[in-house]
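Shown next, in structure tokens, is the structure this report addresses.
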Amino acid sequence: WGSFHLIAEQAEKDVHAIVEESQSAEAGTEARKIGDLYASFMDTERIESLGAAPLGEQLARVDAVTDVPSLLRTVGELEREGVGGFIGTYIEPDPGNPQRYVAFFVQSGLSLPDESYYRLENFDKTRTAFRSYAATVLSLAGVDDADAQADRVLALETELATHHWDNVRNRDAVATYNLMTWDAVGALAGVDLAPWRDAVASGHEDGFAEINVNQPSFFEGLGTLLSEERIGDWKAWLRLHIVRSSAPFLSSAFVDANFAFYGTELTGVPVNRERWKRGVGFVEAAMGEAVGKVYVERHFPPAAKDAMDELVANLIEAYRQSISQLEWMTEATRERALEKLAAFTPKVGYPVKWKDYSALEVDAADLIGNVRRTNAWEHDRQLAKLGKPIDRDEWYMTPQTVNAYYNPLM
């Protein structure tokens, strides 16, 4: 505990004041969306009265799955709404050609942190606790035969985990760089993945013409499990992932069961954070830059940014002069070093352009709807990058976040 934590704690309090005040902002404004998001999270009376009802529509979609194509389509649709699927997808600059965006496909589908939790004996207790957690939340959701469904989920995820790469191999930047055409990915899996693609990337299917597949062998293994004989197992798995993704936003029975496993059992945290802090976290995750715009108006005036921009510019110039005078560098090395320094893009205080949340719909009386809409909004925003020039001005952290980062591709 030190100054870093004290500053972060103060920033959280400052953001809390912003979201509280935003509840009375003019209807339809960006500020009011912030307030309505927070209000929907803090309306515990309504949340408790709804119980498991907000899960009904998504669970009904799982009930309607009859074969592999309908499973793939449903998983893709639900991923857009924030439910984890068996293929993780994100959009980043291509490490081999940082002048373009490319889609990345990564192994996914597990409820536990990584494949070792399904393999090692020292995680026996964790697996038992997970199976109990799954049965509990499925029962709370009104799923029939919750115990049997939990058994099917654990068995399927245990099989899926055998095809996951371990953490050491996943850190190999060379091994995880595998550009492939869409047809090559399908051939790897041995399954027609088009129904999943058409749902998860609706309107952006052409952006998946070439993909970086981080773990090619995972797709081979996944393909062996995507069979008609395993549809019942996959439906049980999908039900749990629906419930798990929504649990923090449902009634206290779901929140407590979810935290007991993911908070206490897995990470050793004895008590959940205060609700207002979780509400602030939800708003920050959904509309962090909108909050940040207000935050900098109050706490980081333009003069402060100008001073820090000048300081950073002086640091870069000092580096340039030092590199230019180093005797041990060859001219070729010096040229490359100066080229790398010139490509460095400092980002101080806040973005030069802000995200536009005008298309995002928020309802103060619909927390789960807000969760799904904000997930879909960000999902679509990411997909829209495909085929466009790299946006060097995009920020991967909000102004009110007490931290820093370096992205070598940006």
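Residues in the structure tokens are named by chain (A, B, ... in the order shown) and by number from 1 within that chain; ligands are numbered from 1 in the order shown.
DSSP secondary structure from the backbone places Ile87, Gly88, Thr89, Tyr90, Ile91, Glu92, Pro93, Asp94, Asn97, Pro98, Gln99, Arg100, Tyr101, Val102, Ala103, Phe104, Phe105, Val106, Gln107, Leu179, Met180, Thr181, Glu210, Ile211, Asn212 and Val213 of chain A of range 74-273 of chain A in strand (DSSP E).
Excluding range 356-360 of chain A and any residue on its chain fewer than 4 positions from it, the residues at most 8 Å away by only C-alpha atoms are Glu30, Met287, Ala290, Arg373, Thr374 and Trp377 of chain A.
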Go through range 207-322 of chain A and flag each residue having an atom no more than 7 Å from range 150-168 of chain A; for those, report the closest pair of atoms plus their distance in Å to one decimal, using only C-alpha atoms, ordered by chain and rising number, as a tab-separated table.
```
residue	atom	partner	partner_atom	distance
A:Gln215	CA	A:Trp165	CA	7.0
A:Ser217	CA	A:His163	CA	7.0
A:Phe218	CA	A:His163	CA	5.0
A:Gly221	CA	A:His163	CA	5.5
A:Leu222	CA	A:Leu160	CA	6.8
A:Asp233	CA	A:Arg152	CA	5.6
A:Ala236	CA	A:Val153	CA	6.0
A:Trp237	CA	A:Val153	CA	4.9
```
Requested write-out: C-alpha atoms of the selected residues, as a compact mmCIF listing (two decimals), in the first residue's frame:
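New file part-v1.txt:
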```
# COMPACT_ATOMS: atom_id res chain seq x y z
CA GLN A 215 -3.00 -21.85 -31.30
CA SER A 217 -3.72 -27.24 -32.78
CA PHE A 218 -6.54 -26.01 -30.53
CA GLY A 221 -9.06 -30.39 -31.14
CA LEU A 222 -12.14 -28.16 -31.01
CA ASP A 233 -22.94 -31.37 -23.70
CA ALA A 236 -25.18 -27.53 -20.98
CA TRP A 237 -21.87 -25.69 -21.43
```
*asked:* Just want the 12 Å neighbourhood of Tyr350 in chain A, counted on only C-alpha atoms, with same-chain residues fewer than 6 positions away dropped. Output as a ChimeraX atom specification.
replied: /A:288-297,299-302,304-306,308-309,393-401,404
*Name the closest residue to Val75 in chain A among the candidates A:Gly109, A:Met42, A:Val102, A:Gly51; distances are taken between atoms, counting only C-alpha atoms.*
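Nearest candidate to Val75 in chain A out of A:Gly109, A:Met42, A:Val102, A:Gly51: A:Gly109.
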*Write down as a PyMOL selection string the residues of range 171-267 of chain A whose backbone DSSP state falls under helix (DSSP H, G or I).*
chain A and resi 182-189+194-200+205-208+216-225+228-249+252-267
*So which one's closest to Ala129 in chain A, A:Asn403, A:Thr345, A:Asn258, A:Ser322? Using only C-alpha atoms, please.*
A:Asn258
*Between CA of Gly84 in chain A and CA of Leu71 in chain A - distance in Å to one decimal*: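 About the pair CA of Leu71 in chain A and CA of Gly84 in chain A: they are 13.7 Å apart.
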*Using only C-alpha atoms, pick whichever of A:Glu310, A:Asp124, A:Asp363, A:Glu331 has the shortest atom-to-atom distance to Val348 in chain A.*
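The closest residue to Val348 in chain A is A:Glu310.
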*Given only C-alpha atoms as the counted atoms, nearest of A:Asp206, A:Asp67, A:Glu265, A:Asp391 to Glu228 in chain A*: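 Using only C-alpha atoms, Glu228 in chain A sits closest to A:Asp67.
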*Shell of 12 Å around Glu77 in chain A, only C-alpha atoms, local chain residues under 3 positions omitted, as a list in words*: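 Once the adjacent positions are removed, what remains is Gln58, Arg61, Val62, Ser70, Leu71, Leu72, Arg73, Thr74, Arg80, Glu81, Gly82, Val83, Gly84, Gly85, Pro195, Trp196, Arg197, Asp198, Ala199, Val200, Ala201, Ser202, Leu238, Ile242, Arg372, Asn375, Ala376 and His379 of chain A.
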Output of the above residues as a PDB file, in the first residue's frame, restricted to N, CA and C atoms:
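Output file selection.pdb follows:
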```pdb
ATOM      1  N   GLN A  58     -32.066 -15.606 -23.462  1.00  0.00           N
ATOM      2  CA  GLN A  58     -30.841 -16.250 -23.932  1.00  0.00           C
ATOM      3  C   GLN A  58     -30.889 -17.762 -23.714  1.00  0.00           C
ATOM      4  N   ARG A  61     -32.819 -19.516 -26.373  1.00  0.00           N
ATOM      5  CA  ARG A  61     -32.071 -19.693 -27.613  1.00  0.00           C
ATOM      6  C   ARG A  61     -31.245 -20.985 -27.565  1.00  0.00           C
ATOM      7  N   VAL A  62     -30.725 -21.308 -26.396  1.00  0.00           N
ATOM      8  CA  VAL A  62     -29.967 -22.559 -26.248  1.00  0.00           C
ATOM      9  C   VAL A  62     -30.902 -23.755 -26.405  1.00  0.00           C
ATOM     10  N   SER A  70     -26.621 -24.757 -35.812  1.00  0.00           N
ATOM     11  CA  SER A  70     -27.401 -23.869 -34.944  1.00  0.00           C
ATOM     12  C   SER A  70     -26.648 -23.572 -33.644  1.00  0.00           C
ATOM     13  N   LEU A  71     -25.828 -24.513 -33.186  1.00  0.00           N
ATOM     14  CA  LEU A  71     -24.977 -24.260 -32.021  1.00  0.00           C
ATOM     15  C   LEU A  71     -23.980 -23.154 -32.340  1.00  0.00           C
ATOM     16  N   LEU A  72     -23.295 -23.278 -33.478  1.00  0.00           N
ATOM     17  CA  LEU A  72     -22.295 -22.289 -33.867  1.00  0.00           C
ATOM     18  C   LEU A  72     -22.920 -20.904 -34.010  1.00  0.00           C
ATOM     19  N   ARG A  73     -24.078 -20.848 -34.653  1.00  0.00           N
ATOM     20  CA  ARG A  73     -24.749 -19.568 -34.837  1.00  0.00           C
ATOM     21  C   ARG A  73     -25.128 -18.942 -33.494  1.00  0.00           C
ATOM     22  N   THR A  74     -25.660 -19.753 -32.602  1.00  0.00           N
ATOM     23  CA  THR A  74     -26.099 -19.238 -31.296  1.00  0.00           C
ATOM     24  C   THR A  74     -24.914 -18.768 -30.462  1.00  0.00           C
ATOM     25  N   ARG A  80     -21.404 -11.766 -29.123  1.00  0.00           N
ATOM     26  CA  ARG A  80     -21.572 -10.330 -29.367  1.00  0.00           C
ATOM     27  C   ARG A  80     -22.199  -9.649 -28.152  1.00  0.00           C
ATOM     28  N   GLU A  81     -23.001 -10.375 -27.386  1.00  0.00           N
ATOM     29  CA  GLU A  81     -23.679  -9.814 -26.219  1.00  0.00           C
ATOM     30  C   GLU A  81     -22.870  -9.993 -24.934  1.00  0.00           C
ATOM     31  N   GLY A  82     -21.659 -10.539 -25.053  1.00  0.00           N
ATOM     32  CA  GLY A  82     -20.777 -10.625 -23.895  1.00  0.00           C
ATOM     33  C   GLY A  82     -20.653 -11.984 -23.262  1.00  0.00           C
ATOM     34  N   VAL A  83     -21.242 -13.021 -23.878  1.00  0.00           N
ATOM     35  CA  VAL A  83     -21.111 -14.387 -23.358  1.00  0.00           C
ATOM     36  C   VAL A  83     -19.864 -15.022 -23.981  1.00  0.00           C
ATOM     37  N   GLY A  84     -18.995 -15.564 -23.149  1.00  0.00           N
ATOM     38  CA  GLY A  84     -17.769 -16.166 -23.656  1.00  0.00           C
ATOM     39  C   GLY A  84     -18.047 -17.391 -24.505  1.00  0.00           C
ATOM     40  N   GLY A  85     -17.361 -17.505 -25.636  1.00  0.00           N
ATOM     41  CA  GLY A  85     -17.528 -18.652 -26.517  1.00  0.00           C
ATOM     42  C   GLY A  85     -16.332 -19.565 -26.484  1.00  0.00           C
ATOM     43  N   PRO A 195     -21.441 -20.518 -39.901  1.00  0.00           N
ATOM     44  CA  PRO A 195     -22.555 -20.013 -39.080  1.00  0.00           C
ATOM     45  C   PRO A 195     -22.079 -19.187 -37.882  1.00  0.00           C
ATOM     46  N   TRP A 196     -20.957 -19.585 -37.298  1.00  0.00           N
ATOM     47  CA  TRP A 196     -20.383 -18.814 -36.182  1.00  0.00           C
ATOM     48  C   TRP A 196     -19.870 -17.471 -36.681  1.00  0.00           C
ATOM     49  N   ARG A 197     -19.095 -17.493 -37.778  1.00  0.00           N
ATOM     50  CA  ARG A 197     -18.555 -16.245 -38.332  1.00  0.00           C
ATOM     51  C   ARG A 197     -19.666 -15.270 -38.695  1.00  0.00           C
ATOM     52  N   ASP A 198     -20.697 -15.765 -39.367  1.00  0.00           N
ATOM     53  CA  ASP A 198     -21.765 -14.882 -39.838  1.00  0.00           C
ATOM     54  C   ASP A 198     -22.530 -14.246 -38.683  1.00  0.00           C
ATOM     55  N   ALA A 199     -22.528 -14.915 -37.527  1.00  0.00           N
ATOM     56  CA  ALA A 199     -23.216 -14.363 -36.357  1.00  0.00           C
ATOM     57  C   ALA A 199     -22.302 -13.441 -35.554  1.00  0.00           C
ATOM     58  N   VAL A 200     -21.060 -13.871 -35.336  1.00  0.00           N
ATOM     59  CA  VAL A 200     -20.162 -13.092 -34.484  1.00  0.00           C
ATOM     60  C   VAL A 200     -19.615 -11.868 -35.205  1.00  0.00           C
ATOM     61  N   ALA A 201     -19.578 -11.918 -36.542  1.00  0.00           N
ATOM     62  CA  ALA A 201     -19.028 -10.800 -37.317  1.00  0.00           C
ATOM     63  C   ALA A 201     -20.032 -10.318 -38.352  1.00  0.00           C
ATOM     64  N   SER A 202     -21.286 -10.301 -37.986  1.00  0.00           N
ATOM     65  CA  SER A 202     -22.336  -9.892 -38.917  1.00  0.00           C
ATOM     66  C   SER A 202     -22.033  -8.508 -39.498  1.00  0.00           C
ATOM     67  N   LEU A 238     -23.121 -24.075 -22.740  1.00  0.00           N
ATOM     68  CA  LEU A 238     -23.547 -22.734 -23.124  1.00  0.00           C
ATOM     69  C   LEU A 238     -24.485 -22.130 -22.083  1.00  0.00           C
ATOM     70  N   ILE A 242     -23.766 -18.566 -20.187  1.00  0.00           N
ATOM     71  CA  ILE A 242     -24.758 -17.487 -20.153  1.00  0.00           C
ATOM     72  C   ILE A 242     -24.956 -17.019 -18.717  1.00  0.00           C
ATOM     73  N   ARG A 372     -25.717  -6.152 -22.076  1.00  0.00           N
ATOM     74  CA  ARG A 372     -25.648  -6.756 -23.413  1.00  0.00           C
ATOM     75  C   ARG A 372     -25.455  -5.705 -24.495  1.00  0.00           C
ATOM     76  N   ASN A 375     -21.851  -4.381 -24.409  1.00  0.00           N
ATOM     77  CA  ASN A 375     -20.952  -5.384 -24.983  1.00  0.00           C
ATOM     78  C   ASN A 375     -21.056  -5.407 -26.501  1.00  0.00           C
ATOM     79  N   ALA A 376     -22.282  -5.378 -27.022  1.00  0.00           N
ATOM     80  CA  ALA A 376     -22.489  -5.397 -28.469  1.00  0.00           C
ATOM     81  C   ALA A 376     -21.916  -4.139 -29.117  1.00  0.00           C
ATOM     82  N   HIS A 379     -18.149  -4.581 -29.173  1.00  0.00           N
ATOM     83  CA  HIS A 379     -17.852  -5.661 -30.122  1.00  0.00           C
ATOM     84  C   HIS A 379     -17.902  -5.132 -31.555  1.00  0.00           C
TER      85      HIS A 379
END
```
Compile the contact shell of Ala17 in chain A as a PDB file with N, CA and C atoms, in the first residue's frame: residues with an atom at most 12 Å away, counting only C-alpha atoms, same-chain residues fewer than 2 positions apart removed.
```
ATOM      1  N   GLN A  10      -8.463   7.835  -4.623  1.00  0.00           N
ATOM      2  CA  GLN A  10      -9.042   9.172  -4.781  1.00  0.00           C
ATOM      3  C   GLN A  10      -9.706   9.312  -6.145  1.00  0.00           C
ATOM      4  N   ALA A  11      -9.074   8.737  -7.182  1.00  0.00           N
ATOM      5  CA  ALA A  11      -9.664   8.799  -8.525  1.00  0.00           C
ATOM      6  C   ALA A  11     -11.005   8.070  -8.556  1.00  0.00           C
ATOM      7  N   GLU A  12     -11.092   6.945  -7.838  1.00  0.00           N
ATOM      8  CA  GLU A  12     -12.345   6.209  -7.780  1.00  0.00           C
ATOM      9  C   GLU A  12     -13.434   7.045  -7.113  1.00  0.00           C
ATOM     10  N   LYS A  13     -13.076   7.753  -6.056  1.00  0.00           N
ATOM     11  CA  LYS A  13     -14.045   8.623  -5.383  1.00  0.00           C
ATOM     12  C   LYS A  13     -14.477   9.762  -6.306  1.00  0.00           C
ATOM     13  N   ASP A  14     -13.546  10.312  -7.060  1.00  0.00           N
ATOM     14  CA  ASP A  14     -13.880  11.389  -7.985  1.00  0.00           C
ATOM     15  C   ASP A  14     -14.832  10.895  -9.074  1.00  0.00           C
ATOM     16  N   VAL A  15     -14.582   9.697  -9.577  1.00  0.00           N
ATOM     17  CA  VAL A  15     -15.462   9.120 -10.593  1.00  0.00           C
ATOM     18  C   VAL A  15     -16.830   8.822 -10.001  1.00  0.00           C
ATOM     19  N   VAL A  19     -20.490   9.953 -11.597  1.00  0.00           N
ATOM     20  CA  VAL A  19     -21.607   9.090 -12.007  1.00  0.00           C
ATOM     21  C   VAL A  19     -22.851   9.369 -11.167  1.00  0.00           C
ATOM     22  N   GLU A  20     -22.671   9.713  -9.909  1.00  0.00           N
ATOM     23  CA  GLU A  20     -23.827  10.071  -9.084  1.00  0.00           C
ATOM     24  C   GLU A  20     -24.517  11.317  -9.642  1.00  0.00           C
ATOM     25  N   GLU A  21     -23.738  12.344  -9.947  1.00  0.00           N
ATOM     26  CA  GLU A  21     -24.303  13.600 -10.442  1.00  0.00           C
ATOM     27  C   GLU A  21     -24.916  13.424 -11.834  1.00  0.00           C
ATOM     28  N   SER A  22     -24.383  12.497 -12.603  1.00  0.00           N
ATOM     29  CA  SER A  22     -24.856  12.298 -13.975  1.00  0.00           C
ATOM     30  C   SER A  22     -26.278  11.757 -14.031  1.00  0.00           C
ATOM     31  N   GLN A  23     -26.767  11.223 -12.929  1.00  0.00           N
ATOM     32  CA  GLN A  23     -28.128  10.689 -12.914  1.00  0.00           C
ATOM     33  C   GLN A  23     -29.180  11.791 -13.109  1.00  0.00           C
ATOM     34  N   ILE A  34     -24.314   7.933 -18.721  1.00  0.00           N
ATOM     35  CA  ILE A  34     -23.452   7.517 -17.610  1.00  0.00           C
ATOM     36  C   ILE A  34     -24.307   7.316 -16.356  1.00  0.00           C
ATOM     37  N   GLY A  35     -25.141   8.301 -16.065  1.00  0.00           N
ATOM     38  CA  GLY A  35     -25.984   8.224 -14.874  1.00  0.00           C
ATOM     39  C   GLY A  35     -26.970   7.085 -14.925  1.00  0.00           C
ATOM     40  N   TYR A  38     -25.284   3.708 -14.254  1.00  0.00           N
ATOM     41  CA  TYR A  38     -25.036   3.549 -12.817  1.00  0.00           C
ATOM     42  C   TYR A  38     -26.336   3.289 -12.059  1.00  0.00           C
ATOM     43  N   TRP A 276     -21.391   0.270  -4.637  1.00  0.00           N
ATOM     44  CA  TRP A 276     -21.137   1.480  -5.406  1.00  0.00           C
ATOM     45  C   TRP A 276     -19.820   1.369  -6.177  1.00  0.00           C
ATOM     46  N   LYS A 277     -18.833   0.685  -5.586  1.00  0.00           N
ATOM     47  CA  LYS A 277     -17.557   0.520  -6.279  1.00  0.00           C
ATOM     48  C   LYS A 277     -17.713  -0.402  -7.493  1.00  0.00           C
ATOM     49  N   VAL A 280     -19.435   1.672 -10.152  1.00  0.00           N
ATOM     50  CA  VAL A 280     -18.481   2.556 -10.819  1.00  0.00           C
ATOM     51  C   VAL A 280     -17.640   1.760 -11.810  1.00  0.00           C
ATOM     52  N   VAL A 291     -16.779   9.048 -19.151  1.00  0.00           N
ATOM     53  CA  VAL A 291     -16.487   9.459 -17.777  1.00  0.00           C
ATOM     54  C   VAL A 291     -15.186  10.262 -17.753  1.00  0.00           C
ATOM     55  N   VAL A 294     -15.352  14.010 -18.552  1.00  0.00           N
ATOM     56  CA  VAL A 294     -15.777  14.852 -17.422  1.00  0.00           C
ATOM     57  C   VAL A 294     -14.659  14.932 -16.391  1.00  0.00           C
ATOM     58  N   TYR A 295     -13.998  13.823 -16.161  1.00  0.00           N
ATOM     59  CA  TYR A 295     -12.933  13.757 -15.147  1.00  0.00           C
ATOM     60  C   TYR A 295     -11.820  14.761 -15.451  1.00  0.00           C
ATOM     61  N   ARG A 298     -12.541  18.346 -14.779  1.00  0.00           N
ATOM     62  CA  ARG A 298     -12.533  18.731 -13.363  1.00  0.00           C
ATOM     63  C   ARG A 298     -11.150  18.642 -12.728  1.00  0.00           C
TER      64      ARG A 298
END
```
Who sits within 9 Å of range 97-101 of chain A, only C-alpha atoms, same chain under 2 positions skipped, as a compact mmCIF listing (two decimals) with C-alpha atoms, in the first residue's frame:
```txt
# COMPACT_ATOMS: atom_id res chain seq x y z
CA ILE A 91 -8.80 -6.98 -33.36
CA GLU A 92 -5.25 -5.64 -33.18
CA PRO A 93 -2.52 -4.39 -35.54
CA ASP A 94 -0.84 -7.27 -37.36
CA PRO A 95 2.54 -7.95 -35.65
CA ALA A 103 -8.53 -10.45 -36.44
CA LYS A 385 -11.58 -1.40 -37.49
CA LEU A 386 -10.99 -4.19 -40.00
CA GLY A 387 -9.98 -2.82 -43.39
CA LYS A 388 -9.37 0.68 -42.03
CA PRO A 389 -6.07 2.53 -41.36
CA ILE A 390 -4.49 2.08 -37.94
CA LEU A 409 2.32 -2.06 -32.26
CA MET A 410 0.82 1.41 -31.75
```
_Shell around Leu240 in chain A at 8 Å using only C-alpha atoms, local window under 5 positions removed, as a ChimeraX atom specification_ = /A:134,137-138,153
Kindly save the residues from that selection, with N, CA and C atoms included, as a compact mmCIF listing (two decimals), in the first residue's frame.
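Contents of the output file result_34.txt:
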```
# COMPACT_ATOMS: atom_id res chain seq x y z
N ALA A 134 -21.22 -24.50 -10.46
CA ALA A 134 -22.01 -24.63 -11.69
C ALA A 134 -23.40 -25.15 -11.40
N VAL A 137 -25.54 -22.25 -9.62
CA VAL A 137 -26.05 -21.13 -10.44
C VAL A 137 -27.01 -21.62 -11.53
N LEU A 138 -26.79 -22.84 -12.04
CA LEU A 138 -27.74 -23.38 -13.02
C LEU A 138 -29.09 -23.64 -12.36
N VAL A 153 -20.80 -30.16 -18.08
CA VAL A 153 -19.94 -29.00 -18.35
C VAL A 153 -18.50 -29.30 -17.94
```
_Shortest interatomic distance to Gly232 in chain A - which of A:Gln149, A:Arg244, A:Phe344, A:Lys125, counting only C-alpha atoms_ = A:Gln149
*Find the distance between CA of Thr29 in chain A and CA of Phe249 in chain A and write it in Å to one decimal.*
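It comes out at 24.2 Å.
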*Two-atom distance - CA of Pro248 in chain A, CA of Ala60 in chain A (Å)*: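 CA of Ala60 in chain A lies at a distance of 20.5 Å from CA of Pro248 in chain A.
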*May I ask which of the residues A:Phe219, A:Ser3, A:Leu338, A:Thr181 is the closest one to Gly207 in chain A, counting only C-alpha atoms?*
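When distances to Gly207 in chain A are compared using only C-alpha atoms, the smallest one comes from A:Thr181.
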